[in-house]
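*Asks:* For reference, the file protein-v5.pdb (PDB, C-alpha atoms) is included below:
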```pdb
ATOM      1  CA  MET A 168       6.464 -13.067 -13.221  1.00  0.00           C
ATOM      2  CA  THR A 169       3.364 -11.316 -14.539  1.00  0.00           C
ATOM      3  CA  ILE A 170       0.267 -11.890 -12.418  1.00  0.00           C
ATOM      4  CA  GLN A 171      -3.213 -11.841 -13.897  1.00  0.00           C
ATOM      5  CA  ALA A 172      -4.889  -8.616 -12.858  1.00  0.00           C
ATOM      6  CA  PRO A 173      -7.806  -8.977 -10.425  1.00  0.00           C
ATOM      7  CA  GLU A 174     -11.143  -7.287 -10.956  1.00  0.00           C
ATOM      8  CA  ARG A 175     -10.778  -5.308  -7.717  1.00  0.00           C
ATOM      9  CA  ALA A 176      -7.803  -4.645  -5.421  1.00  0.00           C
ATOM     10  CA  MET A 177      -7.301  -2.686  -2.220  1.00  0.00           C
ATOM     11  CA  VAL A 178      -4.015  -1.280  -0.918  1.00  0.00           C
ATOM     12  CA  ILE A 179      -3.874  -0.526   2.817  1.00  0.00           C
ATOM     13  CA  MET A 180      -0.838   1.482   3.903  1.00  0.00           C
ATOM     14  CA  ALA A 181       0.236   3.752   6.728  1.00  0.00           C
ATOM     15  CA  HIS A 182       1.399   6.881   4.912  1.00  0.00           C
ATOM     16  CA  PRO A 183       1.022   8.747   1.638  1.00  0.00           C
ATOM     17  CA  ASP A 184       3.823   7.422  -0.652  1.00  0.00           C
ATOM     18  CA  ASP A 185       3.882   3.946   0.970  1.00  0.00           C
ATOM     19  CA  PRO A 186       1.801   2.420  -1.867  1.00  0.00           C
ATOM     20  CA  GLU A 187       4.070   3.782  -4.568  1.00  0.00           C
ATOM     21  CA  PHE A 188       7.243   2.529  -2.876  1.00  0.00           C
ATOM     22  CA  SER A 189       5.855  -0.923  -2.061  1.00  0.00           C
ATOM     23  CA  CYS A 190       3.646  -1.781  -5.026  1.00  0.00           C
ATOM     24  CA  GLY A 191       3.480   1.150  -7.443  1.00  0.00           C
ATOM     25  CA  GLY A 192       4.616  -0.911 -10.410  1.00  0.00           C
ATOM     26  CA  THR A 193       2.109  -3.661  -9.711  1.00  0.00           C
ATOM     27  CA  MET A 194      -0.651  -1.080  -9.393  1.00  0.00           C
ATOM     28  CA  ALA A 195       0.329   0.494 -12.713  1.00  0.00           C
ATOM     29  CA  LEU A 196       0.117  -2.911 -14.403  1.00  0.00           C
ATOM     30  CA  TRP A 197      -3.214  -3.784 -12.828  1.00  0.00           C
ATOM     31  CA  ALA A 198      -4.787  -0.375 -13.441  1.00  0.00           C
ATOM     32  CA  ALA A 199      -3.810  -0.576 -17.114  1.00  0.00           C
ATOM     33  CA  ALA A 200      -5.475  -4.004 -17.251  1.00  0.00           C
ATOM     34  CA  GLY A 201      -8.726  -2.595 -15.861  1.00  0.00           C
ATOM     35  CA  THR A 202      -8.465  -3.381 -12.142  1.00  0.00           C
ATOM     36  CA  GLU A 203     -10.511  -1.108  -9.893  1.00  0.00           C
ATOM     37  CA  ILE A 204      -8.012  -0.089  -7.210  1.00  0.00           C
ATOM     38  CA  THR A 205      -8.820   1.481  -3.858  1.00  0.00           C
ATOM     39  CA  TYR A 206      -6.228   2.977  -1.523  1.00  0.00           C
ATOM     40  CA  LEU A 207      -6.755   3.217   2.236  1.00  0.00           C
ATOM     41  CA  ILE A 208      -4.151   5.634   3.622  1.00  0.00           C
ATOM     42  CA  LEU A 209      -4.359   5.251   7.382  1.00  0.00           C
ATOM     43  CA  THR A 210      -2.358   8.243   8.663  1.00  0.00           C
ATOM     44  CA  ASN A 211      -2.126  11.838   7.532  1.00  0.00           C
ATOM     45  CA  GLY A 212       1.681  11.795   7.229  1.00  0.00           C
ATOM     46  CA  ASN A 213       1.890  15.018   9.203  1.00  0.00           C
ATOM     47  CA  LYS A 214       5.259  14.266  10.823  1.00  0.00           C
ATOM     48  CA  GLY A 215       7.120  13.585   7.588  1.00  0.00           C
ATOM     49  CA  SER A 216       9.239  16.746   7.519  1.00  0.00           C
ATOM     50  CA  ASP A 217      12.273  18.289   9.226  1.00  0.00           C
ATOM     51  CA  ASP A 218      11.495  21.761   7.879  1.00  0.00           C
ATOM     52  CA  PRO A 219      11.152  24.110  10.880  1.00  0.00           C
ATOM     53  CA  ALA A 220       8.778  26.294   8.875  1.00  0.00           C
ATOM     54  CA  MET A 221       6.384  23.433   8.126  1.00  0.00           C
ATOM     55  CA  THR A 222       3.235  22.882  10.192  1.00  0.00           C
ATOM     56  CA  PRO A 223       1.442  19.537  10.661  1.00  0.00           C
ATOM     57  CA  ALA A 224      -1.771  20.929   9.158  1.00  0.00           C
ATOM     58  CA  ARG A 225      -0.015  22.255   6.068  1.00  0.00           C
ATOM     59  CA  LEU A 226       1.956  19.031   5.630  1.00  0.00           C
ATOM     60  CA  THR A 227      -1.274  17.023   5.768  1.00  0.00           C
ATOM     61  CA  GLU A 228      -2.690  19.097   2.909  1.00  0.00           C
ATOM     62  CA  ILE A 229       0.511  18.727   0.890  1.00  0.00           C
ATOM     63  CA  ARG A 230       0.690  14.984   1.342  1.00  0.00           C
ATOM     64  CA  HIS A 231      -2.975  14.487   0.487  1.00  0.00           C
ATOM     65  CA  GLN A 232      -2.418  16.294  -2.805  1.00  0.00           C
ATOM     66  CA  GLU A 233       0.826  14.449  -3.510  1.00  0.00           C
ATOM     67  CA  GLN A 234      -0.996  11.153  -3.037  1.00  0.00           C
ATOM     68  CA  ARG A 235      -3.810  12.228  -5.348  1.00  0.00           C
ATOM     69  CA  ASN A 236      -1.258  13.216  -7.977  1.00  0.00           C
ATOM     70  CA  ALA A 237       0.506   9.857  -7.692  1.00  0.00           C
ATOM     71  CA  CYS A 238      -2.808   8.032  -8.033  1.00  0.00           C
ATOM     72  CA  ASP A 239      -3.556   9.983 -11.196  1.00  0.00           C
ATOM     73  CA  VAL A 240      -0.251   8.790 -12.652  1.00  0.00           C
ATOM     74  CA  LEU A 241      -0.923   5.142 -11.781  1.00  0.00           C
ATOM     75  CA  GLY A 242      -4.614   5.062 -12.655  1.00  0.00           C
ATOM     76  CA  VAL A 243      -5.884   4.527  -9.107  1.00  0.00           C
ATOM     77  CA  LYS A 244      -9.448   5.846  -8.886  1.00  0.00           C
ATOM     78  CA  ASN A 245     -10.410   5.553  -5.204  1.00  0.00           C
ATOM     79  CA  ILE A 246      -8.449   7.068  -2.291  1.00  0.00           C
ATOM     80  CA  ILE A 247      -9.701   7.089   1.289  1.00  0.00           C
ATOM     81  CA  PHE A 248      -7.714   9.033   3.877  1.00  0.00           C
ATOM     82  CA  PHE A 249      -8.326   7.835   7.432  1.00  0.00           C
ATOM     83  CA  ASP A 250      -6.146  10.689   8.790  1.00  0.00           C
ATOM     84  CA  GLU A 251      -4.943   8.987  11.955  1.00  0.00           C
ATOM     85  CA  PRO A 252      -2.008  10.941  13.462  1.00  0.00           C
ATOM     86  CA  ASP A 253       1.318  10.086  11.855  1.00  0.00           C
ATOM     87  CA  GLY A 254       3.591   8.087  14.147  1.00  0.00           C
ATOM     88  CA  GLU A 255       0.736   7.077  16.450  1.00  0.00           C
ATOM     89  CA  LEU A 256      -0.994   4.305  14.496  1.00  0.00           C
ATOM     90  CA  VAL A 257      -2.301   1.466  16.655  1.00  0.00           C
ATOM     91  CA  SER A 258      -4.261  -1.585  15.524  1.00  0.00           C
ATOM     92  CA  THR A 259      -7.338  -0.962  17.650  1.00  0.00           C
ATOM     93  CA  LEU A 260     -10.751  -2.584  17.312  1.00  0.00           C
ATOM     94  CA  GLU A 261     -12.173   0.722  16.119  1.00  0.00           C
ATOM     95  CA  LEU A 262      -9.551   1.043  13.379  1.00  0.00           C
ATOM     96  CA  ARG A 263     -10.138  -2.569  12.378  1.00  0.00           C
ATOM     97  CA  LYS A 264     -13.867  -1.876  12.070  1.00  0.00           C
ATOM     98  CA  ARG A 265     -13.183   1.087   9.768  1.00  0.00           C
ATOM     99  CA  VAL A 266     -10.962  -1.067   7.561  1.00  0.00           C
ATOM    100  CA  VAL A 267     -13.484  -3.924   7.565  1.00  0.00           C
ATOM    101  CA  ALA A 268     -16.190  -1.484   6.485  1.00  0.00           C
ATOM    102  CA  GLU A 269     -14.178  -0.456   3.410  1.00  0.00           C
ATOM    103  CA  ILE A 270     -13.292  -4.048   2.535  1.00  0.00           C
ATOM    104  CA  ARG A 271     -16.976  -4.937   2.645  1.00  0.00           C
ATOM    105  CA  ARG A 272     -17.903  -1.802   0.693  1.00  0.00           C
ATOM    106  CA  TYR A 273     -15.378  -2.211  -2.162  1.00  0.00           C
ATOM    107  CA  LYS A 274     -15.140  -6.040  -2.130  1.00  0.00           C
ATOM    108  CA  PRO A 275     -11.523  -6.458  -3.274  1.00  0.00           C
ATOM    109  CA  ASP A 276     -10.315  -9.790  -4.626  1.00  0.00           C
ATOM    110  CA  ILE A 277      -6.797  -8.959  -3.438  1.00  0.00           C
ATOM    111  CA  VAL A 278      -5.654  -6.833  -0.501  1.00  0.00           C
ATOM    112  CA  ILE A 279      -2.098  -5.502  -0.303  1.00  0.00           C
ATOM    113  CA  GLY A 280      -0.588  -4.356   2.982  1.00  0.00           C
ATOM    114  CA  PRO A 281       2.760  -4.230   4.792  1.00  0.00           C
ATOM    115  CA  ASP A 282       4.207  -7.354   6.386  1.00  0.00           C
ATOM    116  CA  PRO A 283       3.627  -6.713  10.125  1.00  0.00           C
ATOM    117  CA  SER A 284       6.357  -9.164  11.129  1.00  0.00           C
ATOM    118  CA  ARG A 285       9.129  -7.124   9.470  1.00  0.00           C
ATOM    119  CA  TYR A 286      11.043  -5.133  12.082  1.00  0.00           C
ATOM    120  CA  PHE A 287      14.356  -4.512  10.303  1.00  0.00           C
ATOM    121  CA  PHE A 288      15.722  -4.073   6.782  1.00  0.00           C
ATOM    122  CA  ALA A 289      19.295  -5.363   6.585  1.00  0.00           C
ATOM    123  CA  HIS A 290      21.489  -3.385   9.005  1.00  0.00           C
ATOM    124  CA  THR A 291      20.412   0.071   7.959  1.00  0.00           C
ATOM    125  CA  TYR A 292      16.721   0.596   8.629  1.00  0.00           C
ATOM    126  CA  ILE A 293      14.235  -0.006  11.442  1.00  0.00           C
ATOM    127  CA  ASN A 294      10.770  -0.527  10.026  1.00  0.00           C
ATOM    128  CA  HIS A 295       8.416   2.289  10.998  1.00  0.00           C
ATOM    129  CA  ALA A 296       5.980   1.319  13.756  1.00  0.00           C
ATOM    130  CA  ASP A 297       3.118   2.707  11.644  1.00  0.00           C
ATOM    131  CA  HIS A 298       3.986   0.240   8.864  1.00  0.00           C
ATOM    132  CA  ARG A 299       3.797  -2.670  11.289  1.00  0.00           C
ATOM    133  CA  ALA A 300       0.512  -1.427  12.758  1.00  0.00           C
ATOM    134  CA  ALA A 301      -0.941  -0.994   9.267  1.00  0.00           C
ATOM    135  CA  GLY A 302       0.058  -4.544   8.397  1.00  0.00           C
ATOM    136  CA  LEU A 303      -1.466  -5.928  11.569  1.00  0.00           C
ATOM    137  CA  VAL A 304      -4.806  -4.187  11.136  1.00  0.00           C
ATOM    138  CA  THR A 305      -4.854  -5.271   7.486  1.00  0.00           C
ATOM    139  CA  ILE A 306      -4.512  -8.975   8.158  1.00  0.00           C
ATOM    140  CA  ASP A 307      -6.855  -8.861  11.150  1.00  0.00           C
ATOM    141  CA  ALA A 308      -9.485  -7.070   9.090  1.00  0.00           C
ATOM    142  CA  VAL A 309      -9.159  -9.475   6.164  1.00  0.00           C
ATOM    143  CA  PHE A 310      -9.347 -12.571   8.371  1.00  0.00           C
ATOM    144  CA  PRO A 311     -11.616 -13.281   9.982  1.00  0.00           C
ATOM    145  CA  ALA A 312     -13.416  -9.985  10.552  1.00  0.00           C
ATOM    146  CA  ALA A 313     -14.398  -8.920   7.013  1.00  0.00           C
ATOM    147  CA  ARG A 314     -15.770 -12.337   6.095  1.00  0.00           C
ATOM    148  CA  ASN A 315     -17.575 -13.184   9.333  1.00  0.00           C
ATOM    149  CA  ARG A 316     -20.939 -11.552   9.998  1.00  0.00           C
ATOM    150  CA  MET A 317     -20.496 -12.008  13.758  1.00  0.00           C
ATOM    151  CA  TYR A 318     -17.680  -9.411  13.678  1.00  0.00           C
ATOM    152  CA  HIS A 319     -18.778  -5.769  13.861  1.00  0.00           C
ATOM    153  CA  PRO A 320     -22.477  -6.639  13.415  1.00  0.00           C
ATOM    154  CA  GLU A 321     -23.357  -2.946  13.394  1.00  0.00           C
ATOM    155  CA  LEU A 322     -21.915  -2.811   9.875  1.00  0.00           C
ATOM    156  CA  LEU A 323     -24.757  -5.036   8.704  1.00  0.00           C
ATOM    157  CA  ASP A 324     -27.167  -2.217   9.549  1.00  0.00           C
ATOM    158  CA  GLU A 325     -25.256  -0.120   6.981  1.00  0.00           C
ATOM    159  CA  GLY A 326     -25.753  -2.783   4.323  1.00  0.00           C
ATOM    160  CA  LEU A 327     -22.116  -3.903   4.537  1.00  0.00           C
ATOM    161  CA  GLU A 328     -22.388  -7.645   4.182  1.00  0.00           C
ATOM    162  CA  PRO A 329     -19.397  -9.960   4.792  1.00  0.00           C
ATOM    163  CA  HIS A 330     -16.829 -10.238   2.016  1.00  0.00           C
ATOM    164  CA  THR A 331     -14.118 -12.867   1.532  1.00  0.00           C
ATOM    165  CA  VAL A 332     -10.792 -11.639   0.161  1.00  0.00           C
ATOM    166  CA  LYS A 333      -9.158 -14.237  -2.092  1.00  0.00           C
ATOM    167  CA  GLU A 334      -5.495 -13.301  -1.640  1.00  0.00           C
ATOM    168  CA  VAL A 335      -3.359 -11.127   0.618  1.00  0.00           C
ATOM    169  CA  TYR A 336      -0.114  -9.628  -0.721  1.00  0.00           C
ATOM    170  CA  LEU A 337       2.322  -8.539   2.007  1.00  0.00           C
ATOM    171  CA  SER A 338       4.934  -6.046   0.863  1.00  0.00           C
ATOM    172  CA  GLY A 339       8.288  -5.275   2.448  1.00  0.00           C
ATOM    173  CA  THR A 340       8.601  -8.889   3.518  1.00  0.00           C
ATOM    174  CA  ASP A 341      11.569 -11.065   4.435  1.00  0.00           C
ATOM    175  CA  ASN A 342       9.884 -14.016   2.737  1.00  0.00           C
ATOM    176  CA  PRO A 343       8.615 -13.126  -0.747  1.00  0.00           C
ATOM    177  CA  ASN A 344       7.054 -16.029  -2.623  1.00  0.00           C
ATOM    178  CA  ARG A 345       5.775 -14.036  -5.596  1.00  0.00           C
ATOM    179  CA  TRP A 346       7.595 -11.554  -7.811  1.00  0.00           C
ATOM    180  CA  VAL A 347       5.933  -9.177 -10.246  1.00  0.00           C
ATOM    181  CA  ASP A 348       7.956  -8.026 -13.254  1.00  0.00           C
ATOM    182  CA  ILE A 349       7.422  -4.263 -13.428  1.00  0.00           C
ATOM    183  CA  THR A 350      10.017  -3.516 -16.097  1.00  0.00           C
ATOM    184  CA  SER A 351       7.417  -2.222 -18.565  1.00  0.00           C
ATOM    185  CA  VAL A 352       5.978   0.245 -16.029  1.00  0.00           C
ATOM    186  CA  PHE A 353       9.084   1.105 -14.027  1.00  0.00           C
ATOM    187  CA  GLU A 354       9.177   4.661 -15.385  1.00  0.00           C
ATOM    188  CA  THR A 355       5.511   5.067 -14.421  1.00  0.00           C
ATOM    189  CA  LYS A 356       6.336   3.971 -10.878  1.00  0.00           C
ATOM    190  CA  ILE A 357       9.154   6.528 -10.726  1.00  0.00           C
ATOM    191  CA  LYS A 358       6.884   9.266 -12.058  1.00  0.00           C
ATOM    192  CA  ALA A 359       4.309   8.441  -9.372  1.00  0.00           C
ATOM    193  CA  LEU A 360       6.941   8.423  -6.638  1.00  0.00           C
ATOM    194  CA  LEU A 361       8.293  11.786  -7.749  1.00  0.00           C
ATOM    195  CA  CYS A 362       4.829  13.230  -7.101  1.00  0.00           C
ATOM    196  CA  HIS A 363       5.721  12.961  -3.417  1.00  0.00           C
ATOM    197  CA  VAL A 364       7.920  16.025  -3.627  1.00  0.00           C
ATOM    198  CA  SER A 365       7.956  16.610   0.130  1.00  0.00           C
ATOM    199  CA  GLN A 366       9.424  13.149   0.733  1.00  0.00           C
ATOM    200  CA  ILE A 367      11.994  12.678  -2.055  1.00  0.00           C
ATOM    201  CA  GLN A 368      15.544  13.749  -1.302  1.00  0.00           C
ATOM    202  CA  ASP A 369      17.998  14.229  -4.172  1.00  0.00           C
ATOM    203  CA  PRO A 370      15.359  13.724  -6.885  1.00  0.00           C
ATOM    204  CA  GLU A 371      17.933  13.808  -9.683  1.00  0.00           C
ATOM    205  CA  ASN A 372      19.558  10.607  -8.438  1.00  0.00           C
ATOM    206  CA  PHE A 373      16.378   9.036  -7.097  1.00  0.00           C
ATOM    207  CA  PRO A 374      15.482   7.047 -10.258  1.00  0.00           C
ATOM    208  CA  ALA A 375      18.909   5.399 -10.294  1.00  0.00           C
ATOM    209  CA  ARG A 376      18.606   4.459  -6.625  1.00  0.00           C
ATOM    210  CA  MET A 377      15.204   2.925  -7.217  1.00  0.00           C
ATOM    211  CA  ALA A 378      16.460   1.064 -10.295  1.00  0.00           C
ATOM    212  CA  GLU A 379      19.221  -0.515  -8.223  1.00  0.00           C
ATOM    213  CA  ARG A 380      16.768  -1.414  -5.471  1.00  0.00           C
ATOM    214  CA  SER A 381      14.361  -3.055  -7.941  1.00  0.00           C
ATOM    215  CA  LYS A 382      16.950  -4.806 -10.122  1.00  0.00           C
ATOM    216  CA  ALA A 383      16.854  -8.593 -10.539  1.00  0.00           C
ATOM    217  CA  ILE A 384      17.764 -11.284 -13.048  1.00  0.00           C
ATOM    218  CA  ASP A 385      14.883 -13.341 -14.414  1.00  0.00           C
ATOM    219  CA  GLU A 386      14.840 -17.035 -15.299  1.00  0.00           C
ATOM    220  CA  TYR A 387      16.115 -16.194 -18.792  1.00  0.00           C
ATOM    221  CA  GLY A 388      19.145 -14.297 -17.510  1.00  0.00           C
ATOM    222  CA  GLN A 389      17.643 -10.913 -18.402  1.00  0.00           C
ATOM    223  CA  GLU A 390      17.846  -7.908 -16.122  1.00  0.00           C
ATOM    224  CA  VAL A 391      14.391  -6.838 -14.962  1.00  0.00           C
ATOM    225  CA  ALA A 392      12.755  -4.589 -12.391  1.00  0.00           C
ATOM    226  CA  ARG A 393      10.436  -6.329  -9.971  1.00  0.00           C
ATOM    227  CA  GLU A 394       8.392  -6.066  -6.773  1.00  0.00           C
ATOM    228  CA  GLY A 395       8.188  -8.931  -4.282  1.00  0.00           C
ATOM    229  CA  PHE A 396       5.357 -10.023  -2.023  1.00  0.00           C
ATOM    230  CA  ARG A 397       4.520 -12.717   0.465  1.00  0.00           C
ATOM    231  CA  VAL A 398       1.224 -13.983  -0.920  1.00  0.00           C
ATOM    232  CA  MET A 399      -1.358 -15.975   0.971  1.00  0.00           C
ATOM    233  CA  SER A 400      -4.336 -17.506  -0.833  1.00  0.00           C
ATOM    234  CA  ILE A 401      -7.146 -17.531   1.705  1.00  0.00           C
ATOM    235  CA  GLY A 402     -10.361 -17.204  -0.305  1.00  0.00           C
TER
END
```
How would this structure read if it were set down as structure tokens?

*Replies:*
Amino acid sequence: MTIQAPERAMVIMAHPDDPEFSCGGTMALWAAAGTEITYLILTNGNKGSDDPAMTPARLTEIRHQEQRNACDVLGVKNIIFFDEPDGELVSTLELRKRVVAEIRRYKPDIVIGPDPSRYFFAHTYINHADHRAAGLVTIDAVFPAARNRMYHPELLDEGLEPHTVKEVYLSGTDNPNRWVDITSVFETKIKALLCHVSQIQDPENFPARMAERSKAIDEYGQEVAREGFRVMSIG
């Protein structure tokens, strides 16, 4: 299913590379259609390595640049790094206020974030606590805080008036109700993901693994690549 591109979209994720894995194809489609896309990357990703020679400070620099490179591939213009410590993300009131401020500043029609209710993927993967915290702060910021002037009134002094998001897309969900056909931009998604050199193991076989993960059969019996979301229309 191809979804009409919004005028503005915001992606709120825990780590560099999370946007590309969860919605990189959708972002490529929307960016090509003229959507202004803003990324909020909540942590610095500084624990994402087992290399004994790597330092947290150096890894932060590497992952910032990898994310910028991936955004260049997809056509994402705005990236905001919150730089919370990797592995320690908590949905606090202060973090919510920071997210609300950016929602009010950029006024997205659609916000994409992780599904905070997803704890497990099949029998092989425990969802990262940072992903769940990012999802929780996303939905709490979208509703009701970003749209209600009584929440974080100090933001009004900065000229950040309330903003109502029309739709929320939750990625990595058990209950997708909307699928986006990304077949035409699948190679672009792979190219963006491969920018995250520090995080991709076995890059030669990575495209095939992602193709298998994204593979589906559409209503016409054709094999397609797609991304799924749980979508809530709240505007």

*Asks:* From the options A:Lys244, A:Gly402, A:Ile279, A:His182, which residue's atoms come nearest to Lys214 in chain A, counting all atoms listed in the file?

*Replies:*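 Among the listed residues, A:His182 lies closest to Lys214 in chain A.
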
*Asks:* Write out as a JSON list (two decimals) with C-alpha atoms, keeping the file's coordinate frame which residues come within 10 Å of His295 in chain A when counting all atoms listed in the file, dropping same-chain ones fewer than 5 positions away.

*Replies:*
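For reference, selection-v4.json as written:
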```json
[["chain", "number", "residue", "atom", "x", "y", "z"],
["A", 181, "ALA", "CA", 0.24, 3.75, 6.73],
["A", 254, "GLY", "CA", 3.59, 8.09, 14.15],
["A", 285, "ARG", "CA", 9.13, -7.12, 9.47],
["A", 286, "TYR", "CA", 11.04, -5.13, 12.08],
["A", 287, "PHE", "CA", 14.36, -4.51, 10.30],
["A", 300, "ALA", "CA", 0.51, -1.43, 12.76]]
```

*Asks:* Please, what distance in Å, to one decimal, runs between CA of Thr355 in chain A and CA of Cys238 in chain A?

*Replies:*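 Atom-to-atom, CA of Thr355 in chain A to CA of Cys238 in chain A, that is 10.9 Å.
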
*Asks:* At a cut-off of 7 Å, using all atoms listed in the file, what residues contact Phe248 in chain A? Leave out same-chain residues fewer than 5 positions from it and give the result as a list in words.

*Replies:*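 Non-adjacent residues within range: Leu207, Ile208 and Leu209 of chain A.
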
*Asks:* Take CA of Gly326 in chain A and CA of Asp250 in chain A and report the distance between them in Å, one decimal.

*Replies:*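 We find that CA of Gly326 in chain A and CA of Asp250 in chain A lie 24.2 Å from each other.
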
*Asks:* Can you tell me which residues surround Pro343 in chain A at a distance of at most 10 Å, considering all atoms listed in the file, apart from same-chain residues fewer than 3 positions away, and format the answer as an mmCIF file with C-alpha atoms, in the frame of the given file?

*Replies:*
```
data_model
loop_
_atom_site.group_PDB
_atom_site.id
_atom_site.type_symbol
_atom_site.label_atom_id
_atom_site.label_comp_id
_atom_site.auth_asym_id
_atom_site.auth_seq_id
_atom_site.Cartn_x
_atom_site.Cartn_y
_atom_site.Cartn_z
ATOM 1 C CA TYR A 336 -0.114 -9.628 -0.721
ATOM 2 C CA LEU A 337 2.322 -8.539 2.007
ATOM 3 C CA SER A 338 4.934 -6.046 0.863
ATOM 4 C CA GLY A 339 8.288 -5.275 2.448
ATOM 5 C CA THR A 340 8.601 -8.889 3.518
ATOM 6 C CA TRP A 346 7.595 -11.554 -7.811
ATOM 7 C CA GLU A 394 8.392 -6.066 -6.773
ATOM 8 C CA GLY A 395 8.188 -8.931 -4.282
ATOM 9 C CA PHE A 396 5.357 -10.023 -2.023
ATOM 10 C CA ARG A 397 4.520 -12.717 0.465
ATOM 11 C CA VAL A 398 1.224 -13.983 -0.920
#
```

*Asks:* Env of range 318-320 of chain A: 9 Å cut, atoms = all atoms listed in the file, seq-sep filter 6 positions within chain, self excluded. Answer as a PyMOL selection string.

*Replies:* chain A and resi 264+267-268+311-312
